[in-house]
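*Asks:* data-v8.cif is reproduced below (mmCIF, C-alpha atoms and all ligand atoms).
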data_start
loop_
_atom_site.label_atom_id
_atom_site.label_comp_id
_atom_site.auth_asym_id
_atom_site.auth_seq_id
_atom_site.Cartn_x
_atom_site.Cartn_y
_atom_site.Cartn_z
CA MET N 1 -0.68 -20.52 -3.81
CA SER N 2 0.84 -23.52 -2.21
CA ASP N 3 4.50 -22.68 -2.86
CA LEU N 4 4.30 -19.07 -1.75
CA ILE N 5 7.20 -18.21 0.51
CA ALA N 6 6.33 -14.99 2.23
CA ILE N 7 8.70 -12.06 1.97
CA GLU N 8 8.22 -8.39 2.80
CA ARG N 9 9.55 -5.92 0.30
CA PRO N 10 9.35 -2.17 1.07
CA CYS N 11 6.86 -0.27 -1.11
CA GLY N 12 9.01 2.82 -1.44
CA ASP N 13 7.11 5.47 -3.39
CA CYS N 14 5.18 3.00 -5.57
CA MET N 15 1.57 3.49 -4.36
CA MET N 16 0.09 1.79 -7.45
CA CYS N 17 -2.41 -0.12 -5.28
CA CYS N 18 -3.91 3.30 -4.49
CA LYS N 19 -4.41 3.97 -8.21
CA LEU N 20 -4.78 0.92 -10.43
CA PRO N 21 -7.42 -1.35 -8.78
CA ALA N 22 -11.07 -0.40 -8.46
CA ILE N 23 -11.94 -0.12 -4.75
CA GLU N 24 -15.67 -0.37 -4.21
CA ALA N 25 -15.49 0.58 -0.53
CA LEU N 26 -13.95 3.90 -1.54
CA ASP N 27 -16.09 4.34 -4.65
CA LYS N 28 -12.79 4.46 -6.53
CA PRO N 29 -12.74 3.41 -10.18
CA ALA N 30 -9.83 1.51 -11.67
CA GLY N 31 -6.99 3.71 -12.84
CA LYS N 32 -7.87 6.78 -10.76
CA TRP N 33 -5.92 7.90 -7.73
CA CYS N 34 -7.73 7.40 -4.45
CA ILE N 35 -8.92 10.73 -3.07
CA HIS N 36 -6.99 9.97 0.12
CA ALA N 37 -3.65 9.50 -1.66
CA THR N 38 -0.85 11.95 -2.10
CA PRO N 39 0.75 10.21 -5.09
CA GLY N 40 4.29 9.09 -4.51
CA ALA N 41 4.13 10.12 -0.88
CA GLN N 42 1.45 8.71 1.40
CA CYS N 43 -2.06 7.64 2.29
CA ASN N 44 -3.54 10.57 4.17
CA ILE N 45 -5.87 8.38 6.22
CA TYR N 46 -3.38 5.58 6.82
CA GLU N 47 -4.44 4.82 10.40
CA ALA N 48 -8.13 4.84 9.37
CA ARG N 49 -7.76 3.25 5.92
CA PRO N 50 -10.46 0.66 5.16
CA THR N 51 -10.02 -3.05 5.56
CA VAL N 52 -9.75 -3.58 1.80
CA CYS N 53 -6.53 -1.55 1.86
CA ARG N 54 -5.20 -3.30 4.96
CA VAL N 55 -5.58 -6.77 3.48
CA PHE N 56 -4.57 -6.06 -0.13
CA ASN N 57 -2.28 -8.86 -1.29
CA CYS N 58 0.25 -7.27 -3.61
CA LEU N 59 2.30 -10.20 -4.84
CA TRP N 60 5.41 -8.14 -5.57
CA LYS N 61 5.49 -7.28 -1.90
CA ILE N 62 4.95 -10.74 -0.47
CA ASP N 63 5.80 -13.45 -3.02
CA HIS N 64 9.40 -14.37 -3.76
CA ARG N 65 8.38 -15.67 -7.20
CA ILE N 66 7.73 -12.12 -8.41
CA PRO N 67 11.03 -10.62 -9.60
CA GLU N 68 12.39 -7.59 -7.79
CA ALA N 69 12.31 -5.64 -11.08
CA PHE N 70 8.53 -5.98 -11.28
CA ARG N 71 7.68 -3.35 -8.69
CA PRO N 72 4.22 -2.21 -9.85
CA ASP N 73 5.12 1.39 -10.65
CA LYS N 74 8.04 0.18 -12.77
CA VAL N 75 6.12 -2.39 -14.83
CA LYS N 76 2.81 -0.45 -14.95
CA ALA N 77 0.71 -3.22 -13.46
CA VAL N 78 -0.13 -4.59 -10.03
CA LEU N 79 -0.22 -8.34 -9.51
CA ALA N 80 -2.30 -9.59 -6.61
CA ILE N 81 -4.25 -12.56 -5.31
CA TYR N 82 -7.83 -12.55 -6.63
CA LYS N 83 -8.90 -15.62 -4.71
CA GLU N 84 -7.24 -18.83 -3.63
CA GLY N 85 -4.87 -19.95 -6.35
CA VAL N 86 -5.87 -17.21 -8.81
CA LEU N 87 -3.68 -14.28 -9.85
CA ILE N 88 -5.20 -10.93 -10.80
CA VAL N 89 -3.53 -8.31 -12.97
CA TYR N 90 -4.48 -4.64 -12.54
CA PRO N 91 -3.07 -2.88 -15.61
CA ASP N 92 -2.22 0.80 -15.76
CA LYS N 93 -4.67 2.24 -18.30
CA ALA N 94 -2.01 4.65 -19.48
CA TYR N 95 0.08 1.64 -20.53
CA PRO N 96 -2.63 -0.84 -21.54
CA THR N 97 -0.33 -3.42 -23.09
CA ALA N 98 2.50 -3.19 -20.58
CA TRP N 99 1.35 -6.26 -18.67
CA LYS N 100 1.51 -8.29 -21.90
CA ASP N 101 4.87 -7.01 -23.08
CA GLY N 102 8.46 -7.80 -22.28
CA GLU N 103 9.57 -9.71 -19.25
CA LEU N 104 6.35 -9.13 -17.33
CA GLY N 105 4.26 -10.49 -20.21
CA ALA N 106 6.44 -13.55 -20.49
CA PHE N 107 6.26 -14.05 -16.75
CA ILE N 108 2.45 -13.83 -16.67
CA SER N 109 2.10 -16.10 -19.71
CA GLY N 110 4.13 -18.69 -17.88
CA TRP N 111 2.21 -18.39 -14.64
CA PRO N 112 1.28 -21.94 -13.62
CA GLU N 113 -2.11 -21.04 -12.18
CA PRO N 114 -5.21 -19.26 -13.51
CA PHE N 115 -5.17 -15.52 -13.75
CA VAL N 116 -7.66 -12.75 -14.47
CA VAL N 117 -7.21 -9.18 -15.64
CA GLU N 118 -9.23 -6.25 -14.35
CA THR N 119 -10.53 -4.45 -17.41
CA GLY N 120 -12.16 -1.54 -15.59
CA LYS N 121 -15.41 -0.90 -13.72
CA GLY N 122 -14.80 -4.04 -11.73
CA LYS N 123 -15.00 -6.26 -14.80
CA MET N 124 -12.67 -9.18 -15.07
CA VAL N 125 -11.63 -11.32 -17.97
CA VAL N 126 -10.17 -14.77 -17.53
CA ARG N 127 -6.98 -14.99 -19.53
CA ASN N 128 -5.73 -18.41 -18.73
CA VAL N 129 -7.07 -21.41 -16.91
CA PRO N 130 -4.57 -24.26 -17.02
CA LYS N 131 -6.06 -27.76 -17.23
S1 LIG Y 1 1.28 -1.84 -5.33
FE1 LIG Y 1 2.42 -3.22 -3.97
S2 LIG Y 1 4.51 -2.38 -3.92
FE2 LIG Y 1 3.14 -0.80 -4.71
S3 LIG Y 1 2.58 0.42 -2.89
FE3 LIG Y 1 0.98 -1.14 -3.20
S4 LIG Y 1 1.61 -2.87 -1.90
FE4 LIG Y 1 3.40 -1.56 -2.16
S1 LIG Y 2 -7.38 4.76 1.53
FE1 LIG Y 2 -5.18 5.06 1.58
S2 LIG Y 2 -4.29 3.01 1.33
FE2 LIG Y 2 -6.46 2.91 0.64
S3 LIG Y 2 -6.38 3.31 -1.59
FE3 LIG Y 2 -6.74 5.27 -0.55
S4 LIG Y 2 -4.68 6.17 -0.32
FE4 LIG Y 2 -4.41 3.99 -0.71
#
Translate this file's structure into structure tokens.
*Replies:*
Amino acid sequence: MSDLIAIERPCGDCMMCCKLPAIEALDKPAGKWCIHATPGAQCNIYEARPTVCRVFNCLWKIDHRIPEAFRPDKVKAVLAIYKEGVLIVYPDKAYPTAWKDGELGAFISGWPEPFVVETGKGKMVVRNVPK
């Protein structure tokens, strides 16, 4: 993401990256709380958390292009970097259309780069590949 200007927003009590994405290293399926999480409070193995957690690229946290109002627990979806130049959406299964609705949906539809959506069990679907 060539025009990413790094920022650092505080997570507060969000913790959606400990619930929404599948994490193979922890044998954690998408949409289930990690067994090491106390929801809304903390990671109970924070100092020993695996690398996948240490390097997770939550865009709301680091990318100024993601509006402040889109904190993942508020919009029911985590946006992250899938690979160079590609956005990934991890939807909250309890709100399966939330990422397509309202301001977040409009924002994602207008995203200038490709994006994929995690559909569960590690499966991805490509939603948009601009020419
Ligand atoms: S999903 Fe993003 S904002 Fe929420 S806890 Fe994880 S890194 Fe922080
Ligand atoms: S190990 Fe900790 S940081 Fe990683 S998903 Fe579990 S609770 Fe979250």
*Asks:* As an exercise, work out the distance from atom CA of N:Tyr82 to atom CA of N:Cys58 in Å and give it to one decimal place.
*Replies:*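 Those two atoms sit 10.1 Å apart.
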*Asks:* If you count all atoms listed in the file, which residues end up within 6 Å of ligand LIG 1 (chain Y), as a ChimeraX atom specification?
*Replies:* /N:11,14-17,58,60-61,71-72,78
*Asks:* Give the answer as one residue: which of N:Gly105, N:Gly85, N:Gly31, N:Pro91 has the shortest atom-to-atom distance to ligand LIG 2 (chain Y), using all atoms listed in the file?
*Replies:*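 Nearest to ligand LIG 2 (chain Y): N:Gly31.
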*Asks:* Please measure the separation of atom CA of N:Ala77 and atom CA of N:Val89, giving the value in Å to one decimal.
*Replies:* 6.6 Å
*Asks:* Ligand LIG 2 (chain Y): which residues are within 9 Å, counting only C-alpha atoms and all ligand atoms, as a list in words?
*Replies:* Met15, Met16, Cys17, Cys18, Lys19, Pro21, Ile23, Leu26, Lys28, Trp33, Cys34, Ile35, His36, Ala37, Thr38, Pro39, Gln42, Cys43, Asn44, Ile45, Tyr46, Glu47, Ala48, Arg49, Pro50, Thr51, Val52, Cys53 and Arg54 of chain N
*Asks:* Leaving out N:Ile108 and any residue of its chain fewer than 4 positions from it, which residues lie within 12 Å of it when counting all atoms listed in the file, given as a count of residues only?
*Replies:* 27
*Asks:* Could you jot down the atom CA of N:Asp73 to atom CA of N:Leu59 separation for me, Å, one decimal place?
*Replies:* 13.3 Å
*Asks:* Box for stretch 65-74 of chain N - axis-aligned, 8 Å on each of the six sides, all listed atoms - centre and size in Å to one decimal, as AutoDock Vina command-line options.
*Replies:*
--center_x 8.3 --center_y -7.1 --center_z -10.0 --size_x 24.2 --size_y 33.1 --size_z 21.6
*Asks:* Could you give me, as a VMD selection string, the residues within 9 Å of N:Thr119, counting all atoms listed in the file and dropping anything in the same chain fewer than 6 positions from it?
*Replies:* chain N and resid 30 90 to 91 93 125
*Asks:* Let me make sure I understand: among N:Ala6, N:Leu20, N:Ala25, N:Ala94, which one has the smallest atom-to-atom distance to N:Glu118 if we use all atoms listed in the file?
*Replies:*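 The closest residue to N:Glu118 is N:Leu20.
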*Asks:* Provide stretch 56-88 of chain N rebuilt to N, CA and C atoms, formatted as a PDB file, keeping the file's coordinate frame.
*Replies:*
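Saved file result_6.pdb follows:
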ATOM      1  N   PHE N  56      -4.921  -5.915   1.285  1.00  0.00           N
ATOM      2  CA  PHE N  56      -4.570  -6.060  -0.130  1.00  0.00           C
ATOM      3  C   PHE N  56      -3.302  -6.902  -0.275  1.00  0.00           C
ATOM      4  N   ASN N  57      -3.382  -7.913  -1.134  1.00  0.00           N
ATOM      5  CA  ASN N  57      -2.280  -8.860  -1.290  1.00  0.00           C
ATOM      6  C   ASN N  57      -1.472  -8.562  -2.551  1.00  0.00           C
ATOM      7  N   CYS N  58      -0.639  -7.578  -2.487  1.00  0.00           N
ATOM      8  CA  CYS N  58       0.250  -7.270  -3.610  1.00  0.00           C
ATOM      9  C   CYS N  58       1.334  -8.347  -3.675  1.00  0.00           C
ATOM     10  N   LEU N  59       1.362  -9.072  -4.768  1.00  0.00           N
ATOM     11  CA  LEU N  59       2.300 -10.200  -4.840  1.00  0.00           C
ATOM     12  C   LEU N  59       3.759  -9.750  -4.890  1.00  0.00           C
ATOM     13  N   TRP N  60       4.017  -8.603  -5.524  1.00  0.00           N
ATOM     14  CA  TRP N  60       5.410  -8.140  -5.570  1.00  0.00           C
ATOM     15  C   TRP N  60       5.950  -7.970  -4.149  1.00  0.00           C
ATOM     16  N   LYS N  61       5.066  -7.569  -3.266  1.00  0.00           N
ATOM     17  CA  LYS N  61       5.490  -7.280  -1.900  1.00  0.00           C
ATOM     18  C   LYS N  61       5.711  -8.550  -1.067  1.00  0.00           C
ATOM     19  N   ILE N  62       4.949  -9.590  -1.387  1.00  0.00           N
ATOM     20  CA  ILE N  62       4.950 -10.740  -0.470  1.00  0.00           C
ATOM     21  C   ILE N  62       5.394 -12.063  -1.071  1.00  0.00           C
ATOM     22  N   ASP N  63       5.545 -12.146  -2.400  1.00  0.00           N
ATOM     23  CA  ASP N  63       5.800 -13.450  -3.020  1.00  0.00           C
ATOM     24  C   ASP N  63       7.171 -13.452  -3.693  1.00  0.00           C
ATOM     25  N   HIS N  64       8.035 -14.331  -3.242  1.00  0.00           N
ATOM     26  CA  HIS N  64       9.400 -14.370  -3.760  1.00  0.00           C
ATOM     27  C   HIS N  64       9.456 -14.728  -5.243  1.00  0.00           C
ATOM     28  N   ARG N  65       8.360 -15.288  -5.777  1.00  0.00           N
ATOM     29  CA  ARG N  65       8.380 -15.670  -7.200  1.00  0.00           C
ATOM     30  C   ARG N  65       8.280 -14.454  -8.120  1.00  0.00           C
ATOM     31  N   ILE N  66       7.836 -13.328  -7.589  1.00  0.00           N
ATOM     32  CA  ILE N  66       7.730 -12.120  -8.410  1.00  0.00           C
ATOM     33  C   ILE N  66       9.085 -11.413  -8.394  1.00  0.00           C
ATOM     34  N   PRO N  67       9.690 -11.232  -9.582  1.00  0.00           N
ATOM     35  CA  PRO N  67      11.030 -10.620  -9.600  1.00  0.00           C
ATOM     36  C   PRO N  67      11.060  -9.223  -9.000  1.00  0.00           C
ATOM     37  N   GLU N  68      12.184  -8.913  -8.398  1.00  0.00           N
ATOM     38  CA  GLU N  68      12.390  -7.590  -7.790  1.00  0.00           C
ATOM     39  C   GLU N  68      12.112  -6.464  -8.787  1.00  0.00           C
ATOM     40  N   ALA N  69      12.456  -6.688 -10.048  1.00  0.00           N
ATOM     41  CA  ALA N  69      12.310  -5.640 -11.080  1.00  0.00           C
ATOM     42  C   ALA N  69      10.858  -5.340 -11.418  1.00  0.00           C
ATOM     43  N   PHE N  70       9.942  -6.152 -10.926  1.00  0.00           N
ATOM     44  CA  PHE N  70       8.530  -5.980 -11.280  1.00  0.00           C
ATOM     45  C   PHE N  70       7.757  -5.130 -10.281  1.00  0.00           C
ATOM     46  N   ARG N  71       8.445  -4.234  -9.586  1.00  0.00           N
ATOM     47  CA  ARG N  71       7.680  -3.350  -8.690  1.00  0.00           C
ATOM     48  C   ARG N  71       6.586  -2.675  -9.520  1.00  0.00           C
ATOM     49  N   PRO N  72       5.355  -2.634  -9.034  1.00  0.00           N
ATOM     50  CA  PRO N  72       4.220  -2.210  -9.850  1.00  0.00           C
ATOM     51  C   PRO N  72       4.373  -0.876 -10.576  1.00  0.00           C
ATOM     52  N   ASP N  73       4.976   0.109  -9.951  1.00  0.00           N
ATOM     53  CA  ASP N  73       5.120   1.390 -10.650  1.00  0.00           C
ATOM     54  C   ASP N  73       6.144   1.314 -11.776  1.00  0.00           C
ATOM     55  N   LYS N  74       7.033   0.337 -11.705  1.00  0.00           N
ATOM     56  CA  LYS N  74       8.040   0.180 -12.770  1.00  0.00           C
ATOM     57  C   LYS N  74       7.467  -0.558 -13.973  1.00  0.00           C
ATOM     58  N   VAL N  75       6.629  -1.563 -13.720  1.00  0.00           N
ATOM     59  CA  VAL N  75       6.120  -2.390 -14.830  1.00  0.00           C
ATOM     60  C   VAL N  75       4.696  -1.998 -15.246  1.00  0.00           C
ATOM     61  N   LYS N  76       4.128  -0.994 -14.573  1.00  0.00           N
ATOM     62  CA  LYS N  76       2.810  -0.450 -14.950  1.00  0.00           C
ATOM     63  C   LYS N  76       1.685  -1.455 -14.795  1.00  0.00           C
ATOM     64  N   ALA N  77       1.776  -2.266 -13.769  1.00  0.00           N
ATOM     65  CA  ALA N  77       0.710  -3.220 -13.460  1.00  0.00           C
ATOM     66  C   ALA N  77       0.928  -3.746 -12.042  1.00  0.00           C
ATOM     67  N   VAL N  78      -0.187  -3.956 -11.352  1.00  0.00           N
ATOM     68  CA  VAL N  78      -0.130  -4.590 -10.030  1.00  0.00           C
ATOM     69  C   VAL N  78      -0.576  -6.032 -10.175  1.00  0.00           C
ATOM     70  N   LEU N  79       0.167  -6.934  -9.579  1.00  0.00           N
ATOM     71  CA  LEU N  79      -0.220  -8.340  -9.510  1.00  0.00           C
ATOM     72  C   LEU N  79      -0.656  -8.631  -8.090  1.00  0.00           C
ATOM     73  N   ALA N  80      -1.798  -9.299  -7.954  1.00  0.00           N
ATOM     74  CA  ALA N  80      -2.300  -9.590  -6.610  1.00  0.00           C
ATOM     75  C   ALA N  80      -3.018 -10.932  -6.613  1.00  0.00           C
ATOM     76  N   ILE N  81      -3.485 -11.325  -5.442  1.00  0.00           N
ATOM     77  CA  ILE N  81      -4.250 -12.560  -5.310  1.00  0.00           C
ATOM     78  C   ILE N  81      -5.729 -12.207  -5.434  1.00  0.00           C
ATOM     79  N   TYR N  82      -6.405 -12.799  -6.418  1.00  0.00           N
ATOM     80  CA  TYR N  82      -7.830 -12.550  -6.630  1.00  0.00           C
ATOM     81  C   TYR N  82      -8.647 -13.408  -5.688  1.00  0.00           C
ATOM     82  N   LYS N  83      -8.355 -14.683  -5.685  1.00  0.00           N
ATOM     83  CA  LYS N  83      -8.900 -15.620  -4.710  1.00  0.00           C
ATOM     84  C   LYS N  83      -7.934 -16.794  -4.681  1.00  0.00           C
ATOM     85  N   GLU N  84      -8.181 -17.734  -3.836  1.00  0.00           N
ATOM     86  CA  GLU N  84      -7.240 -18.830  -3.630  1.00  0.00           C
ATOM     87  C   GLU N  84      -6.753 -19.408  -4.957  1.00  0.00           C
ATOM     88  N   GLY N  85      -5.454 -19.328  -5.175  1.00  0.00           N
ATOM     89  CA  GLY N  85      -4.870 -19.950  -6.350  1.00  0.00           C
ATOM     90  C   GLY N  85      -5.022 -19.163  -7.643  1.00  0.00           C
ATOM     91  N   VAL N  86      -5.617 -17.971  -7.584  1.00  0.00           N
ATOM     92  CA  VAL N  86      -5.870 -17.210  -8.810  1.00  0.00           C
ATOM     93  C   VAL N  86      -5.174 -15.846  -8.717  1.00  0.00           C
ATOM     94  N   LEU N  87      -4.388 -15.558  -9.743  1.00  0.00           N
ATOM     95  CA  LEU N  87      -3.680 -14.280  -9.850  1.00  0.00           C
ATOM     96  C   LEU N  87      -4.578 -13.247 -10.524  1.00  0.00           C
ATOM     97  N   ILE N  88      -4.501 -11.998 -10.086  1.00  0.00           N
ATOM     98  CA  ILE N  88      -5.200 -10.930 -10.800  1.00  0.00           C
ATOM     99  C   ILE N  88      -4.183  -9.869 -11.220  1.00  0.00           C
TER     100      ILE N  88
END
